[in-house]
$ cat entry10.json   # JSON, C-alpha atoms
[["chain", "number", "residue", "atom", "x", "y", "z"],
["A", 1, "MET", "CA", 150.46, 209.42, 286.09],
["A", 2, "ASP", "CA", 152.83, 210.01, 283.15],
["A", 3, "MET", "CA", 155.83, 207.66, 283.42],
["A", 4, "LYS", "CA", 158.70, 208.09, 281.00],
["A", 5, "LYS", "CA", 160.65, 204.97, 280.15],
["A", 6, "HIS", "CA", 164.37, 205.17, 279.53],
["A", 7, "GLY", "CA", 167.23, 202.74, 279.31],
["A", 8, "LEU", "CA", 169.13, 200.30, 277.17],
["A", 9, "SER", "CA", 168.60, 196.67, 276.32],
["A", 10, "ILE", "CA", 171.34, 194.47, 274.88],
["A", 11, "GLY", "CA", 171.48, 191.24, 272.95],
["A", 12, "ILE", "CA", 173.55, 189.14, 270.59],
["A", 13, "ASN", "CA", 171.93, 188.22, 267.28],
["A", 14, "ARG", "CA", 172.91, 186.48, 264.10],
["A", 15, "ILE", "CA", 172.00, 186.82, 260.43],
["A", 16, "GLU", "CA", 173.22, 183.74, 258.59],
["A", 17, "SER", "CA", 176.84, 183.38, 259.81],
["A", 18, "VAL", "CA", 177.29, 187.00, 260.95],
["A", 19, "PHE", "CA", 176.98, 187.67, 264.68],
["A", 20, "PHE", "CA", 176.35, 191.18, 265.98],
["A", 21, "VAL", "CA", 175.57, 192.96, 269.23],
["A", 22, "THR", "CA", 172.24, 194.76, 269.41],
["A", 23, "LEU", "CA", 171.38, 197.74, 271.57],
["A", 24, "LYS", "CA", 167.94, 199.33, 271.91],
["A", 25, "ALA", "CA", 167.98, 202.80, 273.47],
["A", 26, "ILE", "CA", 164.79, 204.32, 274.88],
["A", 27, "GLY", "CA", 164.06, 207.80, 276.20],
["A", 28, "THR", "CA", 166.68, 210.10, 277.67],
["A", 29, "LEU", "CA", 169.61, 208.05, 278.91],
["A", 30, "THR", "CA", 171.10, 208.77, 282.33],
["A", 31, "HIS", "CA", 174.37, 208.07, 284.11],
["A", 32, "GLU", "CA", 172.54, 205.37, 286.09],
["A", 33, "ASP", "CA", 171.62, 203.64, 282.80],
["A", 34, "TYR", "CA", 175.31, 203.49, 281.89],
["A", 35, "LEU", "CA", 176.24, 202.10, 285.30],
["A", 36, "VAL", "CA", 174.02, 199.13, 284.44],
["A", 37, "ILE", "CA", 174.65, 198.77, 280.70],
["A", 38, "THR", "CA", 178.44, 199.18, 280.65],
["A", 39, "PRO", "CA", 179.21, 195.89, 282.44],
["A", 40, "MET", "CA", 176.53, 194.15, 280.36],
["A", 41, "LEU", "CA", 177.98, 195.45, 277.09],
["A", 42, "GLU", "CA", 181.50, 194.55, 278.13],
["A", 43, "GLY", "CA", 180.30, 191.07, 279.10],
["A", 44, "ALA", "CA", 178.57, 190.64, 275.74],
["A", 45, "LEU", "CA", 181.68, 191.78, 273.87],
["A", 46, "SER", "CA", 183.82, 189.31, 275.79],
["A", 47, "GLN", "CA", 181.49, 186.47, 274.70],
["A", 48, "VAL", "CA", 181.94, 187.16, 270.99],
["A", 49, "ASP", "CA", 184.81, 185.05, 269.73],
["A", 50, "GLN", "CA", 185.90, 187.43, 266.98],
["A", 51, "PRO", "CA", 188.51, 190.19, 267.00],
["A", 52, "LYS", "CA", 185.98, 192.70, 265.65],
["A", 53, "VAL", "CA", 182.22, 192.80, 266.14],
["A", 54, "SER", "CA", 179.38, 194.60, 264.48],
["A", 55, "LEU", "CA", 176.77, 196.57, 266.40],
["A", 56, "PHE", "CA", 173.16, 197.35, 265.58],
["A", 57, "LEU", "CA", 171.82, 200.31, 267.57],
["A", 58, "ASP", "CA", 168.07, 200.87, 267.46],
["A", 59, "ALA", "CA", 167.74, 204.54, 268.38],
["A", 60, "THR", "CA", 164.20, 205.01, 267.08],
["A", 61, "GLU", "CA", 162.93, 205.63, 270.63],
["A", 62, "LEU", "CA", 166.02, 207.50, 271.85],
["A", 63, "ASP", "CA", 165.47, 211.11, 272.89],
["A", 64, "GLY", "CA", 169.07, 211.79, 273.92],
["A", 65, "TRP", "CA", 171.34, 211.79, 276.96],
["A", 66, "ASP", "CA", 171.68, 213.81, 280.10],
["A", 67, "LEU", "CA", 175.09, 215.48, 280.35],
["A", 68, "ARG", "CA", 176.76, 212.85, 282.51],
["A", 69, "ALA", "CA", 175.39, 210.02, 280.36],
["A", 70, "ALA", "CA", 176.79, 211.71, 277.23],
["A", 71, "TRP", "CA", 180.20, 211.65, 278.92],
["A", 72, "ASP", "CA", 179.69, 207.97, 279.85],
["A", 73, "ASP", "CA", 178.83, 207.20, 276.22],
["A", 74, "LEU", "CA", 181.97, 208.95, 274.97],
["A", 75, "LYS", "CA", 184.17, 207.06, 277.46],
["A", 76, "LEU", "CA", 182.60, 203.75, 276.45],
["A", 77, "GLY", "CA", 183.17, 204.52, 272.76],
["A", 78, "LEU", "CA", 186.80, 205.46, 273.37],
["A", 79, "LYS", "CA", 187.44, 202.33, 275.42],
["A", 80, "HIS", "CA", 186.04, 200.00, 272.76],
["A", 81, "LYS", "CA", 186.81, 202.06, 269.66],
["A", 82, "SER", "CA", 188.94, 199.41, 267.97],
["A", 83, "GLU", "CA", 186.60, 196.47, 268.67],
["A", 84, "PHE", "CA", 183.82, 197.44, 266.26],
["A", 85, "GLU", "CA", 183.97, 196.57, 262.59],
["A", 86, "ARG", "CA", 180.60, 198.07, 261.66],
["A", 87, "VAL", "CA", 178.00, 200.06, 263.58],
["A", 88, "ALA", "CA", 174.55, 200.47, 262.07],
["A", 89, "ILE", "CA", 172.41, 203.13, 263.71],
["A", 90, "LEU", "CA", 168.68, 202.88, 263.07],
["A", 91, "GLY", "CA", 167.03, 206.20, 263.76],
["A", 92, "ASN", "CA", 164.31, 208.63, 262.84],
["A", 93, "LYS", "CA", 165.63, 212.02, 263.94],
["A", 94, "ASP", "CA", 167.96, 214.40, 262.10],
["A", 95, "TRP", "CA", 170.35, 214.76, 265.06],
["A", 96, "GLN", "CA", 170.92, 210.98, 265.09],
["A", 97, "GLU", "CA", 172.45, 211.13, 261.63],
["A", 98, "TRP", "CA", 174.83, 213.82, 262.89],
["A", 99, "ALA", "CA", 175.63, 211.71, 265.95],
["A", 100, "ALA", "CA", 176.59, 208.84, 263.64],
["A", 101, "LYS", "CA", 178.96, 211.14, 261.75],
["A", 102, "ILE", "CA", 180.56, 212.33, 264.99],
["A", 103, "GLY", "CA", 180.84, 208.72, 266.19],
["A", 104, "SER", "CA", 182.80, 207.86, 263.07],
["A", 105, "TRP", "CA", 185.57, 210.14, 264.38],
["A", 106, "ILE", "CA", 185.83, 207.95, 267.51],
["A", 107, "ILE", "CA", 185.15, 204.38, 266.36],
["A", 108, "ALA", "CA", 187.80, 202.72, 264.19],
["A", 109, "GLY", "CA", 185.20, 200.75, 262.19],
["A", 110, "GLU", "CA", 182.51, 202.00, 259.84],
["A", 111, "ILE", "CA", 179.41, 203.74, 261.19],
["A", 112, "LYS", "CA", 176.35, 204.27, 259.05],
["A", 113, "TYR", "CA", 172.94, 205.79, 259.78],
["A", 114, "PHE", "CA", 169.75, 204.15, 258.49],
["A", 115, "GLU", "CA", 166.05, 204.90, 258.62],
["A", 116, "ASP", "CA", 165.12, 201.40, 257.37],
["A", 117, "GLU", "CA", 165.88, 198.37, 259.55],
["A", 118, "ASP", "CA", 166.21, 195.93, 256.64],
["A", 119, "ASP", "CA", 168.78, 198.17, 254.97],
["A", 120, "ALA", "CA", 170.75, 198.41, 258.22],
["A", 121, "LEU", "CA", 170.77, 194.65, 258.73],
["A", 122, "LYS", "CA", 171.75, 193.98, 255.11],
["A", 123, "TRP", "CA", 174.68, 196.38, 255.51],
["A", 124, "LEU", "CA", 175.81, 194.63, 258.70],
["A", 125, "ARG", "CA", 175.71, 191.27, 256.95],
["A", 126, "TYR", "CA", 178.46, 192.18, 254.46]]

$ encode --input "entry10.json" --output "structure tokens"
Amino acid sequence: MDMKKHGLSIGINRIESVFFVTLKAIGTLTHEDYLVITPMLEGALSQVDQPKVSLFLDATELDGWDLRAAWDDLKLGLKHKSEFERVAILGNKDWQEWAAKIGSWIIAGEIKYFEDEDDALKWLRY
């Protein structure tokens, strides 16, 4: 049996005195994934006692979105567009770099694509 994993995990991490939200995306995300992750992300954002937060998205295992999930992702980005100071996207596929560029049109903060996790975390720290 060939089972395909998909979904999102969320956390809050810290490097020195800088707190940031972490997301790990796996597989092809669905609308059902967003029904679960949206309240979790909003809960995590409400726990951070800063006007702007940074986000680290590990997309190295992300294959993409189904159509409805892509719409969910856009709505989530628009709703929280002014809350992010920096978004570091860790990826390994050409289309992810383009997605980061498109995301920069939506999010008020800076978005940058990385293929090296240490570089991404260093950038978030400053």

$ residues_around --input "entry10.json" --residues "Tyr113 of chain A" --least-positions-apart "3" --cutoff "9 Å" --atoms "only C-alpha atoms" --output "list in words"
Val87, Ala88, Ile89, Leu90, Gly91, Gln96, Glu97, Trp98, Ala99, Ala100, Lys101 and Ala120 of chain A

$ write_last_selection --input "entry10.json" --atoms "C-alpha atoms" --output "compact mmCIF listing (two decimals), in the coordinates of the input"
# COMPACT_ATOMS: atom_id res chain seq x y z
CA VAL A 87 178.00 200.06 263.58
CA ALA A 88 174.55 200.47 262.07
CA ILE A 89 172.41 203.13 263.71
CA LEU A 90 168.68 202.88 263.07
CA GLY A 91 167.03 206.20 263.76
CA GLN A 96 170.92 210.98 265.09
CA GLU A 97 172.45 211.13 261.63
CA TRP A 98 174.83 213.82 262.89
CA ALA A 99 175.63 211.71 265.95
CA ALA A 100 176.59 208.84 263.64
CA LYS A 101 178.96 211.14 261.75
CA ALA A 120 170.75 198.41 258.22

$ closest_residue --input "entry10.json" --among "A:Leu57, A:Val36, A:Ala44, A:Ile106" --to "Gly77 of chain A" --atoms "all atoms listed in the file"
A:Ile106

$ atom_distance --input "entry10.json" --atom1 "atom CA of Ala25 of chain A" --atom2 "atom CA of Gly7 of chain A"
5.9 Å

$ residues_around --input "entry10.json" --residues "segment 39-42 of chain A" --least-positions-apart "2" --cutoff "10 Å" --atoms "only C-alpha atoms" --output "list in words"
Ser9, Ile10, Gly11, Val21, Thr22, Leu23, Tyr34, Leu35, Val36, Ile37, Ala44, Leu45, Ser46, Gln47, Leu76 and His80 of chain A

$ atom_distance --input "entry10.json" --atom1 "atom CA of Asp119 of chain A" --atom2 "atom CA of Glu85 of chain A"
17.1 Å

$ atom_distance --input "entry10.json" --atom1 "atom CA of Ala108 of chain A" --atom2 "atom CA of Asp58 of chain A"
20.1 Å

$ residues_near_point --input "entry10.json" --point "(161.8, 209.5, 279.9)" --cutoff "10 Å" --atoms "only C-alpha atoms" --output "VMD selection string"
chain A and resid 2 to 7 26 to 30 62 to 64

$ closest_residue --input "entry10.json" --among "A:Asp66, A:Asp33, A:Glu110, A:Glu61" --to "Phe84 of chain A" --atoms "only C-alpha atoms"
A:Glu110

$ axis_aligned_box --input "entry10.json" --around "segment 27-33 of chain A" --padding-each-side "6 Å" --output "AutoDock Vina command-line options"
--center_x 169.2 --center_y 206.9 --center_z 281.1 --size_x 22.3 --size_y 18.5 --size_z 21.9

$ residues_around --input "entry10.json" --residues "Leu78 of chain A" --least-positions-apart "4" --cutoff "12 Å" --atoms "only C-alpha atoms" --output "PyMOL selection string"
chain A and resi 71-74+82-84+103-108

$ build_atoms --input "entry10.json" --residues "segment 60-85 of chain A" --atoms "N, CA, C and O atoms" --output "PDB file, keeping the file's coordinate frame"
ATOM      1  N   THR A  60     165.470 204.433 267.516  1.00  0.00           N
ATOM      2  CA  THR A  60     164.200 205.010 267.080  1.00  0.00           C
ATOM      3  C   THR A  60     163.381 205.570 268.242  1.00  0.00           C
ATOM      4  O   THR A  60     162.530 206.427 268.032  1.00  0.00           O
ATOM      5  N   GLU A  61     163.638 205.102 269.463  1.00  0.00           N
ATOM      6  CA  GLU A  61     162.930 205.630 270.630  1.00  0.00           C
ATOM      7  C   GLU A  61     163.851 206.430 271.554  1.00  0.00           C
ATOM      8  O   GLU A  61     163.486 206.756 272.680  1.00  0.00           O
ATOM      9  N   LEU A  62     165.046 206.738 271.060  1.00  0.00           N
ATOM     10  CA  LEU A  62     166.020 207.500 271.850  1.00  0.00           C
ATOM     11  C   LEU A  62     165.736 208.995 271.723  1.00  0.00           C
ATOM     12  O   LEU A  62     165.621 209.522 270.618  1.00  0.00           O
ATOM     13  N   ASP A  63     165.658 209.655 272.874  1.00  0.00           N
ATOM     14  CA  ASP A  63     165.470 211.110 272.890  1.00  0.00           C
ATOM     15  C   ASP A  63     166.775 211.850 273.131  1.00  0.00           C
ATOM     16  O   ASP A  63     166.877 213.034 272.848  1.00  0.00           O
ATOM     17  N   GLY A  64     167.785 211.159 273.668  1.00  0.00           N
ATOM     18  CA  GLY A  64     169.070 211.790 273.920  1.00  0.00           C
ATOM     19  C   GLY A  64     169.676 211.316 275.227  1.00  0.00           C
ATOM     20  O   GLY A  64     169.323 210.270 275.757  1.00  0.00           O
ATOM     21  N   TRP A  65     170.605 212.107 275.748  1.00  0.00           N
ATOM     22  CA  TRP A  65     171.340 211.790 276.960  1.00  0.00           C
ATOM     23  C   TRP A  65     171.295 212.982 277.898  1.00  0.00           C
ATOM     24  O   TRP A  65     171.276 214.129 277.447  1.00  0.00           O
ATOM     25  N   ASP A  66     171.373 212.697 279.208  1.00  0.00           N
ATOM     26  CA  ASP A  66     171.680 213.810 280.100  1.00  0.00           C
ATOM     27  C   ASP A  66     173.192 214.022 280.007  1.00  0.00           C
ATOM     28  O   ASP A  66     173.905 213.218 279.396  1.00  0.00           O
ATOM     29  N   LEU A  67     173.696 215.103 280.550  1.00  0.00           N
ATOM     30  CA  LEU A  67     175.090 215.480 280.350  1.00  0.00           C
ATOM     31  C   LEU A  67     176.072 214.404 280.814  1.00  0.00           C
ATOM     32  O   LEU A  67     177.010 214.048 280.102  1.00  0.00           O
ATOM     33  N   ARG A  68     175.843 213.861 281.987  1.00  0.00           N
ATOM     34  CA  ARG A  68     176.760 212.850 282.510  1.00  0.00           C
ATOM     35  C   ARG A  68     176.703 211.568 281.680  1.00  0.00           C
ATOM     36  O   ARG A  68     177.711 210.910 281.464  1.00  0.00           O
ATOM     37  N   ALA A  69     175.527 211.212 281.195  1.00  0.00           N
ATOM     38  CA  ALA A  69     175.390 210.020 280.360  1.00  0.00           C
ATOM     39  C   ALA A  69     176.097 210.222 279.015  1.00  0.00           C
ATOM     40  O   ALA A  69     176.668 209.276 278.470  1.00  0.00           O
ATOM     41  N   ALA A  70     176.066 211.428 278.481  1.00  0.00           N
ATOM     42  CA  ALA A  70     176.790 211.710 277.230  1.00  0.00           C
ATOM     43  C   ALA A  70     178.282 211.473 277.440  1.00  0.00           C
ATOM     44  O   ALA A  70     178.960 210.914 276.570  1.00  0.00           O
ATOM     45  N   TRP A  71     178.799 211.888 278.595  1.00  0.00           N
ATOM     46  CA  TRP A  71     180.200 211.650 278.920  1.00  0.00           C
ATOM     47  C   TRP A  71     180.471 210.158 279.052  1.00  0.00           C
ATOM     48  O   TRP A  71     181.468 209.640 278.556  1.00  0.00           O
ATOM     49  N   ASP A  72     179.557 209.425 279.713  1.00  0.00           N
ATOM     50  CA  ASP A  72     179.690 207.970 279.850  1.00  0.00           C
ATOM     51  C   ASP A  72     179.734 207.304 278.476  1.00  0.00           C
ATOM     52  O   ASP A  72     180.521 206.386 278.243  1.00  0.00           O
ATOM     53  N   ASP A  73     178.894 207.770 277.561  1.00  0.00           N
ATOM     54  CA  ASP A  73     178.830 207.200 276.220  1.00  0.00           C
ATOM     55  C   ASP A  73     180.147 207.439 275.484  1.00  0.00           C
ATOM     56  O   ASP A  73     180.670 206.540 274.828  1.00  0.00           O
ATOM     57  N   LEU A  74     180.693 208.633 275.596  1.00  0.00           N
ATOM     58  CA  LEU A  74     181.970 208.950 274.970  1.00  0.00           C
ATOM     59  C   LEU A  74     183.081 208.064 275.527  1.00  0.00           C
ATOM     60  O   LEU A  74     183.881 207.498 274.771  1.00  0.00           O
ATOM     61  N   LYS A  75     183.141 207.905 276.849  1.00  0.00           N
ATOM     62  CA  LYS A  75     184.170 207.060 277.460  1.00  0.00           C
ATOM     63  C   LYS A  75     184.047 205.617 276.996  1.00  0.00           C
ATOM     64  O   LYS A  75     185.053 204.959 276.709  1.00  0.00           O
ATOM     65  N   LEU A  76     182.826 205.122 276.898  1.00  0.00           N
ATOM     66  CA  LEU A  76     182.600 203.750 276.450  1.00  0.00           C
ATOM     67  C   LEU A  76     183.054 203.589 275.001  1.00  0.00           C
ATOM     68  O   LEU A  76     183.711 202.605 274.654  1.00  0.00           O
ATOM     69  N   GLY A  77     182.733 204.564 274.158  1.00  0.00           N
ATOM     70  CA  GLY A  77     183.170 204.520 272.760  1.00  0.00           C
ATOM     71  C   GLY A  77     184.676 204.536 272.631  1.00  0.00           C
ATOM     72  O   GLY A  77     185.256 203.795 271.829  1.00  0.00           O
ATOM     73  N   LEU A  78     185.341 205.381 273.419  1.00  0.00           N
ATOM     74  CA  LEU A  78     186.800 205.460 273.370  1.00  0.00           C
ATOM     75  C   LEU A  78     187.451 204.164 273.848  1.00  0.00           C
ATOM     76  O   LEU A  78     188.448 203.712 273.288  1.00  0.00           O
ATOM     77  N   LYS A  79     186.881 203.563 274.870  1.00  0.00           N
ATOM     78  CA  LYS A  79     187.440 202.330 275.420  1.00  0.00           C
ATOM     79  C   LYS A  79     187.360 201.183 274.428  1.00  0.00           C
ATOM     80  O   LYS A  79     188.255 200.353 274.346  1.00  0.00           O
ATOM     81  N   HIS A  80     186.273 201.129 273.667  1.00  0.00           N
ATOM     82  CA  HIS A  80     186.040 200.000 272.760  1.00  0.00           C
ATOM     83  C   HIS A  80     186.155 200.390 271.289  1.00  0.00           C
ATOM     84  O   HIS A  80     185.692 199.659 270.418  1.00  0.00           O
ATOM     85  N   LYS A  81     186.798 201.502 271.011  1.00  0.00           N
ATOM     86  CA  LYS A  81     186.810 202.060 269.660  1.00  0.00           C
ATOM     87  C   LYS A  81     187.387 201.123 268.603  1.00  0.00           C
ATOM     88  O   LYS A  81     186.993 201.164 267.454  1.00  0.00           O
ATOM     89  N   SER A  82     188.313 200.275 268.972  1.00  0.00           N
ATOM     90  CA  SER A  82     188.940 199.410 267.970  1.00  0.00           C
ATOM     91  C   SER A  82     188.254 198.053 267.857  1.00  0.00           C
ATOM     92  O   SER A  82     188.642 197.240 267.018  1.00  0.00           O
ATOM     93  N   GLU A  83     187.238 197.786 268.666  1.00  0.00           N
ATOM     94  CA  GLU A  83     186.600 196.470 268.670  1.00  0.00           C
ATOM     95  C   GLU A  83     185.442 196.352 267.680  1.00  0.00           C
ATOM     96  O   GLU A  83     184.968 195.259 267.424  1.00  0.00           O
ATOM     97  N   PHE A  84     184.984 197.476 267.132  1.00  0.00           N
ATOM     98  CA  PHE A  84     183.820 197.440 266.260  1.00  0.00           C
ATOM     99  C   PHE A  84     184.228 197.526 264.799  1.00  0.00           C
ATOM    100  O   PHE A  84     184.944 198.422 264.389  1.00  0.00           O
ATOM    101  N   GLU A  85     183.733 196.561 264.025  1.00  0.00           N
ATOM    102  CA  GLU A  85     183.970 196.570 262.590  1.00  0.00           C
ATOM    103  C   GLU A  85     182.957 197.455 261.884  1.00  0.00           C
ATOM    104  O   GLU A  85     183.300 198.265 261.035  1.00  0.00           O
TER     105      GLU A  85
END
